[in-house]
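With compact mmCIF, C-alpha atoms inside, this is start-v3.txt:
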# COMPACT_ATOMS: atom_id res chain seq x y z
CA MET X 1 19.51 50.79 20.44
CA SER X 2 17.37 47.78 21.22
CA GLN X 3 15.51 46.43 18.27
CA THR X 4 13.57 43.16 18.45
CA THR X 5 14.11 40.97 15.41
CA SER X 6 12.50 37.68 14.45
CA THR X 7 15.67 35.79 15.45
CA ASP X 8 15.29 37.01 19.05
CA ARG X 9 12.22 34.85 19.39
CA ILE X 10 13.86 31.56 18.30
CA PRO X 11 13.91 29.35 21.41
CA GLY X 12 17.37 28.40 22.65
CA LEU X 13 19.17 30.70 20.19
CA GLU X 14 21.18 32.41 22.88
CA GLU X 15 22.37 29.11 24.31
CA ARG X 16 23.26 27.81 20.86
CA THR X 17 25.24 30.94 20.09
CA ARG X 18 27.12 30.55 23.37
CA ARG X 19 27.94 26.88 22.65
CA GLY X 20 29.21 27.51 19.13
CA PRO X 21 27.93 27.53 15.61
CA VAL X 22 27.09 23.92 14.72
CA LEU X 23 26.63 22.12 18.01
CA ARG X 24 22.89 21.93 17.76
CA LYS X 25 21.46 21.77 14.26
CA GLY X 26 17.78 21.30 15.03
CA VAL X 27 15.39 24.14 15.65
CA GLY X 28 12.48 24.42 18.00
CA VAL X 29 11.85 23.39 21.57
CA SER X 30 14.07 20.69 23.04
CA PRO X 31 12.33 17.50 24.28
CA SER X 32 12.59 18.68 27.89
CA GLY X 33 10.65 21.76 26.76
CA TRP X 34 7.61 19.54 26.04
CA PHE X 35 7.08 19.27 29.79
CA ASP X 36 7.59 22.96 30.52
CA PRO X 37 4.11 24.34 31.31
CA ARG X 38 5.10 28.04 31.23
CA GLY X 39 3.50 30.23 28.58
CA ARG X 40 1.90 27.38 26.71
CA THR X 41 -0.99 27.71 24.29
CA ILE X 42 -3.56 24.97 23.68
CA GLY X 43 -1.79 24.12 20.42
CA SER X 44 1.57 23.52 22.08
CA TRP X 45 -0.06 21.49 24.89
CA ALA X 46 -1.72 19.37 22.20
CA PHE X 47 1.62 19.00 20.35
CA ALA X 48 3.39 17.80 23.51
CA ALA X 49 0.56 15.45 24.46
CA ASN X 50 0.40 14.10 20.90
CA ARG X 51 4.09 13.19 21.01
CA ILE X 52 3.91 11.67 24.48
CA THR X 53 0.86 9.54 23.59
CA GLY X 54 2.55 8.62 20.29
CA LEU X 55 5.69 7.39 22.04
CA GLY X 56 3.49 5.49 24.51
CA LEU X 57 1.63 3.84 21.63
CA VAL X 58 4.89 2.83 19.90
CA PHE X 59 5.95 1.21 23.18
CA TYR X 60 2.55 -0.51 23.40
CA LEU X 61 2.83 -1.81 19.81
CA TYR X 62 5.95 -3.79 20.73
CA LEU X 63 4.51 -4.80 24.11
CA HIS X 64 1.41 -6.09 22.28
CA LEU X 65 3.51 -8.13 19.85
CA GLY X 66 5.41 -9.54 22.83
CA VAL X 67 2.20 -10.48 24.64
CA LEU X 68 0.78 -12.14 21.51
CA THR X 69 3.91 -14.30 21.37
CA MET X 70 2.39 -16.15 24.33
CA LEU X 71 -0.15 -17.57 21.87
CA LEU X 72 2.71 -19.37 20.13
CA VAL X 73 3.81 -20.95 23.42
CA GLY X 74 0.48 -22.62 24.05
CA GLU X 75 -3.02 -22.54 25.45
CA SER X 76 -2.16 -22.71 29.15
CA MET X 77 0.20 -19.73 28.97
CA TRP X 78 -2.40 -17.63 27.13
CA ASN X 79 -5.15 -18.55 29.59
CA ASP X 80 -2.87 -17.65 32.53
CA PHE X 81 -2.23 -14.28 30.90
CA VAL X 82 -5.95 -13.66 30.29
CA GLU X 83 -6.61 -14.35 33.97
CA LEU X 84 -3.91 -11.84 34.95
CA ALA X 85 -5.03 -9.25 32.37
CA THR X 86 -8.59 -9.14 33.63
CA ASN X 87 -7.81 -7.79 37.08
CA THR X 88 -8.69 -4.19 37.91
CA VAL X 89 -5.19 -2.76 37.48
CA PHE X 90 -4.85 -4.16 33.95
CA LEU X 91 -8.36 -3.00 33.03
CA LEU X 92 -7.51 0.53 34.21
CA LEU X 93 -4.37 0.36 32.06
CA ASP X 94 -6.65 -0.64 29.15
CA VAL X 95 -8.69 2.52 29.76
CA LEU X 96 -5.44 4.54 29.80
CA LEU X 97 -4.50 2.91 26.48
CA ILE X 98 -7.87 3.81 24.99
CA PHE X 99 -7.38 7.41 26.19
CA GLY X 100 -4.00 7.47 24.41
CA ILE X 101 -5.48 6.07 21.20
CA LEU X 102 -8.41 8.51 21.25
CA PHE X 103 -6.28 11.55 22.02
CA HIS X 104 -3.59 10.71 19.47
CA GLY X 105 -6.13 9.73 16.81
CA LEU X 106 -8.47 12.70 17.18
CA ASN X 107 -5.63 15.20 17.58
CA GLY X 108 -4.02 13.63 14.51
CA VAL X 109 -7.21 14.26 12.55
CA ARG X 110 -7.14 17.88 13.74
CA VAL X 111 -3.49 18.32 12.73
CA ALA X 112 -4.14 16.68 9.34
CA LEU X 113 -7.17 18.89 8.66
CA VAL X 114 -5.21 22.03 9.53
CA GLY X 115 -1.89 20.94 7.97
CA THR X 116 -3.37 19.87 4.64
CA GLY X 117 -5.27 23.15 4.39
CA ILE X 118 -8.74 21.57 4.49
CA VAL X 119 -9.65 23.51 7.66
CA PRO X 120 -6.74 25.94 8.05
CA ASP X 121 -8.12 28.44 10.57
CA ARG X 122 -10.30 26.51 13.03
CA GLN X 123 -7.64 24.90 15.24
CA LYS X 124 -9.20 25.78 18.58
CA ALA X 125 -12.75 24.94 17.55
CA LEU X 126 -11.58 21.56 16.24
CA PHE X 127 -9.61 20.94 19.44
CA TRP X 128 -12.64 21.50 21.67
CA ALA X 129 -15.00 19.59 19.36
CA PHE X 130 -12.67 16.58 19.34
CA THR X 131 -12.20 16.89 23.11
CA VAL X 132 -15.96 16.49 23.58
CA ILE X 133 -16.15 13.58 21.12
CA GLY X 134 -13.11 11.91 22.69
CA THR X 135 -14.46 12.28 26.22
CA LEU X 136 -17.78 10.70 25.25
CA LEU X 137 -16.04 7.80 23.50
CA LEU X 138 -13.69 7.32 26.47
CA VAL X 139 -16.58 7.17 28.93
CA TYR X 140 -18.38 4.61 26.73
CA ALA X 141 -15.20 2.51 26.38
CA ALA X 142 -14.42 2.71 30.11
CA ILE X 143 -17.93 1.53 30.99
CA HIS X 144 -17.57 -1.32 28.50
CA VAL X 145 -14.13 -2.37 29.73
CA LEU X 146 -14.76 -1.98 33.48
CA GLY X 147 -18.48 -2.78 33.39
CA GLY X 148 -17.98 -6.55 33.24
CA GLU X 149 -16.08 -6.51 36.51
CA MET S 1 36.69 11.98 -30.86
CA ASP S 2 33.57 13.91 -30.16
CA VAL S 3 31.65 13.03 -27.06
CA ALA S 4 27.94 13.65 -27.05
CA PRO S 5 26.90 16.09 -24.35
CA THR S 6 25.25 14.31 -21.46
CA ARG S 7 21.74 15.23 -20.54
CA PRO S 8 20.60 15.48 -16.95
CA VAL S 9 19.07 12.22 -15.80
CA PRO S 10 15.35 12.76 -15.22
CA ALA S 11 14.31 12.31 -11.61
CA LYS S 12 12.38 9.11 -10.97
CA ARG S 13 10.10 10.83 -8.48
CA ARG S 14 8.32 14.11 -8.91
CA PRO S 15 10.07 16.48 -6.49
CA ILE S 16 7.91 17.68 -3.63
CA PRO S 17 8.62 21.09 -2.13
CA GLY S 18 10.21 20.59 1.30
CA GLY S 19 11.91 17.30 0.42
CA LYS S 20 11.89 14.01 2.28
CA SER S 21 10.46 15.26 5.55
CA VAL S 22 7.37 16.60 3.78
CA ARG S 23 7.00 13.27 1.96
CA VAL S 24 7.27 11.43 5.28
CA TRP S 25 4.71 13.79 6.86
CA ARG S 26 2.30 13.11 3.99
CA TRP S 27 2.71 9.35 4.43
CA THR S 28 2.17 9.80 8.17
CA VAL S 29 -1.15 11.51 7.40
CA ILE S 30 -2.14 8.86 4.81
CA THR S 31 -1.35 5.95 7.14
CA GLY S 32 -3.05 7.85 9.98
CA VAL S 33 -6.26 8.11 7.97
CA ALA S 34 -6.03 4.41 7.08
CA LEU S 35 -5.49 3.63 10.77
CA LEU S 36 -8.70 5.43 11.70
CA VAL S 37 -10.55 2.70 9.81
CA LEU S 38 -8.27 -0.26 10.53
CA LEU S 39 -7.88 0.48 14.25
CA VAL S 40 -11.62 0.90 14.77
CA VAL S 41 -12.20 -2.43 12.97
CA HIS S 42 -9.42 -4.07 15.02
CA MET S 43 -10.70 -2.74 18.36
CA ILE S 44 -14.36 -3.56 17.73
CA ALA S 45 -13.82 -6.95 16.07
CA HIS S 46 -11.13 -7.98 18.55
CA HIS S 47 -12.28 -6.59 21.88
CA PHE S 48 -15.68 -4.90 21.87
CA VAL S 49 -17.81 -7.78 20.57
CA VAL S 50 -16.34 -10.26 23.05
CA ASP S 51 -18.46 -10.93 26.13
CA GLU S 52 -15.60 -11.90 28.47
CA VAL S 53 -14.23 -9.36 30.97
CA GLY S 54 -11.62 -7.09 29.35
CA GLY S 55 -12.70 -8.21 25.88
CA LEU S 56 -10.00 -10.87 25.64
CA ARG S 57 -10.68 -14.01 23.61
CA THR S 58 -9.80 -17.49 24.79
CA PHE S 59 -7.01 -19.37 23.01
CA GLN S 60 -9.43 -21.32 20.80
CA GLN S 61 -11.43 -18.18 19.98
CA VAL S 62 -8.25 -16.38 18.87
CA LEU S 63 -7.32 -19.23 16.50
CA GLU S 64 -10.83 -19.34 15.00
CA TYR S 65 -10.87 -15.54 14.65
CA ILE S 66 -7.50 -15.22 12.90
CA SER S 67 -8.20 -18.16 10.56
CA SER S 68 -10.92 -16.16 8.78
CA PRO S 69 -9.35 -14.99 5.46
CA LEU S 70 -11.00 -11.56 5.74
CA ILE S 71 -9.77 -10.97 9.30
CA PHE S 72 -6.33 -12.32 8.38
CA THR S 73 -6.06 -9.85 5.48
CA VAL S 74 -7.32 -6.91 7.55
CA GLU S 75 -4.88 -7.74 10.36
CA CYS S 76 -1.95 -7.91 7.89
CA PHE S 77 -2.87 -4.49 6.45
CA PHE S 78 -3.28 -3.17 9.98
CA LEU S 79 0.16 -4.45 10.95
CA ILE S 80 1.89 -2.79 7.97
CA THR S 81 0.00 0.49 8.44
CA VAL S 82 0.48 0.77 12.19
CA THR S 83 4.19 -0.10 11.98
CA THR S 84 4.77 2.45 9.21
CA HIS S 85 2.86 5.17 11.05
CA ALA S 86 4.59 4.41 14.37
CA LEU S 87 8.10 4.44 12.97
CA MET S 88 7.55 7.60 10.91
CA GLY S 89 6.27 9.30 14.06
CA LEU S 90 9.30 8.06 15.98
CA ARG S 91 11.50 9.42 13.16
CA ALA S 92 9.93 12.86 13.52
CA VAL S 93 10.58 12.87 17.28
CA LEU S 94 14.19 11.69 16.87
CA PHE S 95 14.91 14.20 14.10
CA ASP S 96 13.71 17.02 16.33
CA LEU S 97 16.57 16.21 18.71
CA GLY S 98 18.85 18.06 16.29
CA PHE S 99 21.16 15.32 15.01
CA GLY S 100 23.51 15.88 12.07
CA SER S 101 22.90 14.50 8.59
CA ARG S 102 25.02 11.36 9.08
CA THR S 103 23.16 10.39 12.26
CA ARG S 104 19.86 11.12 10.52
CA ARG S 105 20.80 8.72 7.72
CA ARG S 106 21.68 6.08 10.33
CA ILE S 107 18.35 6.63 12.10
CA ASP S 108 16.55 6.23 8.77
CA GLY S 109 18.40 2.97 8.11
CA ALA S 110 17.77 1.63 11.61
CA LEU S 111 14.06 2.44 11.39
CA TRP S 112 13.80 0.68 8.01
CA VAL S 113 15.39 -2.44 9.51
CA LEU S 114 13.18 -2.24 12.61
CA GLY S 115 10.08 -1.83 10.46
CA ILE S 116 10.90 -4.78 8.21
CA VAL S 117 11.71 -7.01 11.20
CA THR S 118 8.48 -5.95 12.96
CA VAL S 119 6.26 -6.65 9.96
CA ALA S 120 8.06 -9.95 9.22
CA TYR S 121 7.60 -11.10 12.82
CA GLY S 122 3.94 -10.02 12.80
CA PHE S 123 3.30 -11.99 9.60
CA PHE S 124 5.04 -15.01 11.12
CA LEU S 125 2.86 -14.66 14.24
CA VAL S 126 -0.54 -14.37 12.53
CA GLY S 127 0.46 -16.93 9.85
CA THR S 128 1.46 -19.50 12.46
CA LEU S 129 -1.71 -18.93 14.49
CA ALA S 130 -3.94 -19.14 11.41
CA SER S 131 -2.29 -22.41 10.37
CA ARG S 132 -3.00 -23.93 13.80
CA ALA S 133 -6.76 -23.32 13.65

Kindly return the structure encoded in the file as structure tokens.
Amino acid sequence: MSQTTSTDRIPGLEERTRRGPVLRKGVGVSPSGWFDPRGRTIGSWAFAANRITGLGLVFYLYLHLGVLTMLLVGESMWNDFVELATNTVFLLLDVLLIFGILFHGLNGVRVALVGTGIVPDRQKALFWAFTVIGTLLLVYAAIHVLGGE
Amino acid sequence: MDVAPTRPVPAKRRPIPGGKSVRVWRWTVITGVALLVLLVVHMIAHHFVVDEVGGLRTFQQVLEYISSPLIFTVECFFLITVTTHALMGLRAVLFDLGFGSRTRRRIDGALWVLGIVTVAYGFFLVGTLASRA
């Protein structure tokens, strides 16, 4: 008799059962599963991308604080950095940073609107609307950042 | 000797269904909404109104900018909000790795320390720069 129950659909359940009862206490997809493209919906792609951009932005926060420390050292060090930071590679990294901020911010608004129950059943529509808004803002920002070259 | 029956101590905080993680998620949303405003102000005021390539100010321009009381206050709020939001997001990612309760408590403690150190260093940084203007 093969009967499908709700527990059959819990990811990694079989592996956890094989390894023992309390070896893995968390539920859900493991971090390596974020990069697994098989059978993904838009929502789970957005979840993975939100976490990856979030981790990137946490890294950037500390990098930014480190860079600003150069201001404490003195004027010449800051001016040397500004000269370095205005080459094409750095400016492209700035555009990548702006992409991360826009994606994480707009997707965060979507998640907050759905999660707080303000707009509970329009996930996909919100995703595509914010994708259009984000793309337009990214193009504007990229032109602004790279345009002075 | 009769001992008066003890009454249950009233909870200081109103309990929220779902516990601490739900409270943290709510604060992540609140700080996220605040960041929408503060980050836009930071990006525009810091980088998008500057004529130089890459939107980076010169040393003297940075000192003049941060010495404005309004900008100084906004930057301090921005620092607290962005650090709180970042570390609560990091907490959510770490907790999804499936650690036990003791490790979770340690992660909470470590993130508190990291957050306090980050904000303290940020205040020191902007305070020192503002005083040099």

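You will find atom CA of Val37 of chain S at 11.9 Å from atom CA of Glu75 of chain S.
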
Can you tell me, as a PyMOL selection string, what residues are no more than 12 Å from Val58 of chain X when counting only C-alpha atoms, ignoring any on the same chain fewer than 6 positions away? (chain X and resi 51-52+64-65+97+100-101+104) or (chain S and resi 82-91+93+115+118)

- prompt: Any idea what's packed within 9 Å of segment 120-128 of chain S, counting all atoms listed in the file, ignoring anything in its chain fewer than 5 positions away? Could you give it as a VMD selection string?
  reply: (chain X and resid 65 68 to 69 71 to 72) or (chain S and resid 66 to 67 72 75 to 76 79 to 80 115)

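Between atom CA of Leu61 of chain X and atom CA of Trp112 of chain S there is a distance of 16.3 Å.
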
With chain X as the partner and 7 Å as the cut-off, tabulate the residues of chain S that qualify, each row holding the nearest pair of atoms and their distance in Å to one decimal, using all atoms listed in the file, sorted by chain and rising number, as a tab-separated table.
residue	atom	partner	partner_atom	distance
S:Val29	CA	X:Ala112	CA	6.3
S:Val53	CA	X:Gly148	CA	5.2
S:Gly54	CA	X:Val145	CA	5.4
S:Leu56	CA	X:Val82	CA	6.8
S:Thr58	CA	X:Asn79	CA	6.8
S:Phe59	CA	X:Glu75	CA	5.7
S:Ala86	CA	X:Val58	CA	5.8
S:Asp96	CA	X:Gly26	CA	6.0
S:Leu97	CA	X:Gly26	CA	6.4
S:Gly98	CA	X:Gly26	CA	3.6
S:Phe99	CA	X:Lys25	CA	6.5
S:Gly100	CA	X:Lys25	CA	6.6
